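This report refers to the structure that appears directly beneath it.
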Amino acid sequence: MPYRFLLFTILILGFFSFRRTHAYSVNYVAANDSTLNKKEVSLENIKKGKALYEKNCIMCHGNAGKGDGAAGLFLNPRPFDISSDKVQSQSDSTLFFKVTLGKAPMPTFKTLPFESRQLLLLYVRELGKNKIRHP
Ligand code: HEC
């Protein structure tokens, strides 16, 4: 009887841990542009994205995303110019993936909620439009 109970517990735990990993991996990166569910470009979302950018990215990528943030000056390679065509020509899911995973010396942001990374992607696109004036 205790064995059966043990087996049962293991099965249940296994099931839930599988479910959690599964949910996590879906949450982790979007497989393609349609599973990304991009955020609507609204003033509110831009503000949210900007706040996240200021908290997590600005020190390396700088105000306008040019890669001239103070913390990035001594990195090798230097932080990319996010507003450049080289970055902006990539698909939404590719950029989302790269922001999620990071790449040394850029840190990973996979612990940020999916929604925060959606908002960051939105702000990355705003920086690409070069419409934002930074004092
Ligand atoms: C510690 C400094 C640092 C921080 C913080 C940082 N980055 Fe980066 N980022 C880099 C560097 C360095 C690269 C170039 C990485 C490489 O190719 O090795 C890069 C590359 C990128 C790229 C281009 C990737 C490509 O291959 O085209 C994007 C987009 C990007 N960062 C967005 C962000 C966003 C959004 C944040 C905030 C959530 C952020 N980064 C935070 C340093 C940083």
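So you can find residues: chains in the structure tokens are A, B, ... in the order shown, residues in each start at 1, and ligands are numbered from 1 in order.
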
Fewer than 5 positions away in the same chain doesn't count, so skip those; otherwise give me all residues within 12 Å of Gly62 (chain A), counting only C-alpha atoms, as a compact mmCIF listing (two decimals) with C-alpha atoms, in the first residue's frame.
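And here is the file that came out, around.txt:
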```txt
# COMPACT_ATOMS: atom_id res chain seq x y z
CA LYS A 50 9.47 52.99 -21.92
CA TYR A 53 13.27 50.01 -21.02
CA GLU A 54 14.51 52.65 -18.57
CA LYS A 55 14.68 50.09 -15.83
CA ASN A 56 16.31 47.25 -17.77
CA CYS A 57 18.00 48.46 -20.95
CA GLY A 67 23.92 51.72 -27.86
CA ASP A 68 25.57 54.60 -26.07
CA GLY A 69 24.45 53.98 -22.50
CA ALA A 70 27.12 54.55 -19.87
CA ALA A 71 27.25 50.92 -18.75
CA GLY A 72 27.73 49.78 -22.33
CA LEU A 73 30.74 51.91 -23.16
CA ARG A 78 29.29 47.22 -27.67
CA PRO A 79 25.49 47.20 -27.25
CA PHE A 80 23.75 47.27 -30.61
CA ASP A 81 22.03 50.31 -32.00
CA ILE A 82 18.44 49.18 -31.50
CA SER A 83 17.09 51.87 -33.83
CA VAL A 124 12.11 48.65 -29.33
CA LEU A 127 12.86 53.47 -30.98
CA HIS A 134 14.79 62.55 -26.00
```

Do you know which residues are at most 12 Å from Tyr123 (chain A) counting only C-alpha atoms, after dropping those on the same chain fewer than 2 positions away, and could you put them as a ChimeraX atom specification?
/A:38-54,57-58,63-65,82-83,88,92,95-96,99,116-121,125-132

Using only C-alpha atoms, which protein or nucleic acid residues come within 10 Å of region 107-110 of chain A? Drop anything in the same chain fewer than 2 positions from it, and give the result as a ChimeraX atom specification.
/A:27-29,56-57,97-105,112-114,116-117

Just to be explicit: take each residue in the selection above, keep C-alpha atoms, and write the result as an mmCIF file, in the first residue's frame.
```cif
data_model
loop_
_atom_site.group_PDB
_atom_site.id
_atom_site.type_symbol
_atom_site.label_atom_id
_atom_site.label_comp_id
_atom_site.auth_asym_id
_atom_site.auth_seq_id
_atom_site.Cartn_x
_atom_site.Cartn_y
_atom_site.Cartn_z
ATOM 1 C CA ASN A 27 5.558 31.708 -21.735
ATOM 2 C CA TYR A 28 9.257 31.893 -22.354
ATOM 3 C CA VAL A 29 9.482 32.619 -26.049
ATOM 4 C CA ASN A 56 16.311 47.248 -17.775
ATOM 5 C CA CYS A 57 18.000 48.459 -20.947
ATOM 6 C CA PHE A 97 13.529 35.871 -28.703
ATOM 7 C CA LYS A 98 16.790 37.822 -28.540
ATOM 8 C CA VAL A 99 15.549 40.178 -25.845
ATOM 9 C CA THR A 100 14.299 37.185 -23.861
ATOM 10 C CA LEU A 101 17.513 35.208 -24.076
ATOM 11 C CA GLY A 102 20.068 37.998 -24.203
ATOM 12 C CA LYS A 103 23.535 37.238 -25.482
ATOM 13 C CA ALA A 104 26.745 37.855 -23.562
ATOM 14 C CA PRO A 105 27.460 40.517 -22.449
ATOM 15 C CA LEU A 112 10.610 39.093 -16.888
ATOM 16 C CA PRO A 113 6.911 38.328 -17.398
ATOM 17 C CA PHE A 114 5.831 37.609 -20.983
ATOM 18 C CA SER A 116 6.766 42.936 -19.966
ATOM 19 C CA ARG A 117 8.767 41.531 -22.860
#
```

I need the residue nearest Met106 (chain A) from this list: A:Leu122, A:Met59, A:Val87, A:Ile10. Use only C-alpha atoms for the distance.
A:Met59

Within chain A, find each residue whose DSSP state, derived from the backbone, is alpha helix (DSSP H), and express the selection as a JSON list (two decimals) with C-alpha atoms, in the first residue's frame.
```json
[["chain", "number", "residue", "atom", "x", "y", "z"],
["A", 2, "PRO", "CA", 2.67, 2.62, 0.85],
["A", 3, "TYR", "CA", 4.36, 1.76, -2.45],
["A", 4, "ARG", "CA", 1.21, 2.42, -4.37],
["A", 5, "PHE", "CA", 0.79, 5.67, -2.55],
["A", 6, "LEU", "CA", 4.37, 6.61, -3.38],
["A", 7, "LEU", "CA", 3.89, 5.71, -7.01],
["A", 8, "PHE", "CA", 0.70, 7.72, -7.13],
["A", 9, "THR", "CA", 2.45, 10.74, -5.58],
["A", 10, "ILE", "CA", 5.29, 10.51, -8.05],
["A", 11, "LEU", "CA", 2.85, 10.35, -10.93],
["A", 12, "ILE", "CA", 0.92, 13.35, -9.68],
["A", 13, "LEU", "CA", 4.08, 15.36, -9.03],
["A", 14, "GLY", "CA", 5.43, 14.36, -12.41],
["A", 15, "PHE", "CA", 2.25, 15.47, -14.09],
["A", 16, "PHE", "CA", 2.29, 18.86, -12.44],
["A", 17, "SER", "CA", 5.96, 19.48, -12.98],
["A", 18, "PHE", "CA", 5.49, 18.62, -16.67],
["A", 19, "ARG", "CA", 2.58, 21.02, -16.84],
["A", 20, "ARG", "CA", 4.62, 23.73, -15.25],
["A", 21, "THR", "CA", 7.59, 23.28, -17.58],
["A", 22, "HIS", "CA", 5.22, 23.25, -20.48],
["A", 23, "ALA", "CA", 3.48, 26.45, -19.38],
["A", 24, "TYR", "CA", 6.86, 28.01, -18.74],
["A", 25, "SER", "CA", 8.23, 27.19, -22.16],
["A", 26, "VAL", "CA", 5.19, 28.66, -23.88],
["A", 27, "ASN", "CA", 5.56, 31.71, -21.73],
["A", 28, "TYR", "CA", 9.26, 31.89, -22.35],
["A", 43, "LEU", "CA", 0.27, 55.82, -25.65],
["A", 44, "GLU", "CA", -0.32, 53.81, -22.51],
["A", 45, "ASN", "CA", 1.61, 50.80, -23.77],
["A", 46, "ILE", "CA", 4.44, 52.97, -25.06],
["A", 47, "LYS", "CA", 4.74, 54.54, -21.62],
["A", 48, "LYS", "CA", 4.79, 51.12, -19.97],
["A", 49, "GLY", "CA", 7.39, 49.89, -22.45],
["A", 50, "LYS", "CA", 9.47, 52.99, -21.92],
["A", 51, "ALA", "CA", 9.43, 52.51, -18.14],
["A", 52, "LEU", "CA", 10.59, 48.90, -18.59],
["A", 53, "TYR", "CA", 13.27, 50.01, -21.02],
["A", 54, "GLU", "CA", 14.51, 52.65, -18.57],
["A", 55, "LYS", "CA", 14.68, 50.09, -15.83],
["A", 56, "ASN", "CA", 16.31, 47.25, -17.77],
["A", 58, "ILE", "CA", 18.81, 52.16, -20.97],
["A", 59, "MET", "CA", 22.08, 51.79, -19.05],
["A", 60, "CYS", "CA", 23.54, 49.91, -21.98],
["A", 61, "HIS", "CA", 21.49, 50.90, -25.02],
["A", 85, "ASP", "CA", 17.98, 48.89, -39.79],
["A", 86, "LYS", "CA", 20.15, 45.93, -38.90],
["A", 87, "VAL", "CA", 18.08, 45.37, -35.78],
["A", 88, "GLN", "CA", 14.73, 46.72, -37.03],
["A", 92, "ASP", "CA", 9.10, 40.56, -34.17],
["A", 93, "SER", "CA", 9.53, 37.02, -32.91],
["A", 94, "THR", "CA", 13.28, 37.10, -33.57],
["A", 95, "LEU", "CA", 13.72, 40.30, -31.59],
["A", 96, "PHE", "CA", 11.44, 39.02, -28.87],
["A", 97, "PHE", "CA", 13.53, 35.87, -28.70],
["A", 98, "LYS", "CA", 16.79, 37.82, -28.54],
["A", 99, "VAL", "CA", 15.55, 40.18, -25.85],
["A", 100, "THR", "CA", 14.30, 37.19, -23.86],
["A", 101, "LEU", "CA", 17.51, 35.21, -24.08],
["A", 114, "PHE", "CA", 5.83, 37.61, -20.98],
["A", 115, "GLU", "CA", 3.79, 40.80, -20.99],
["A", 116, "SER", "CA", 6.77, 42.94, -19.97],
["A", 117, "ARG", "CA", 8.77, 41.53, -22.86],
["A", 118, "GLN", "CA", 5.87, 42.23, -25.23],
["A", 119, "LEU", "CA", 5.93, 45.83, -24.04],
["A", 120, "LEU", "CA", 9.70, 45.98, -24.42],
["A", 121, "LEU", "CA", 9.38, 44.77, -28.00],
["A", 122, "LEU", "CA", 6.81, 47.47, -28.61],
["A", 123, "TYR", "CA", 9.23, 50.07, -27.29],
["A", 124, "VAL", "CA", 12.11, 48.65, -29.33],
["A", 125, "ARG", "CA", 9.90, 49.23, -32.41],
["A", 126, "GLU", "CA", 9.14, 52.76, -31.24],
["A", 127, "LEU", "CA", 12.86, 53.47, -30.98],
["A", 128, "GLY", "CA", 13.16, 52.21, -34.53],
["A", 129, "LYS", "CA", 10.66, 54.80, -35.71]]
```

Figure out the distance between CA of Ser91 (chain A) and CA of Ser34 (chain A), please, to one decimal in Å.
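Result for CA of Ser34 (chain A) versus CA of Ser91 (chain A): 11.3 Å, one decimal.
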
In Å to one decimal, how far is CA of Gln90 (chain A) from atom 3 (C, counted along the ligand's line) of ligand 1?
18.7 Å

Rounded to one decimal in Å, what is the spacing between atom 5 (C, counted along the ligand's line) of ligand 1 and CA of Ser89 (chain A)?
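We find that atom 5 (C, counted along the ligand's line) of ligand 1 and CA of Ser89 (chain A) lie 21.4 Å from each other.
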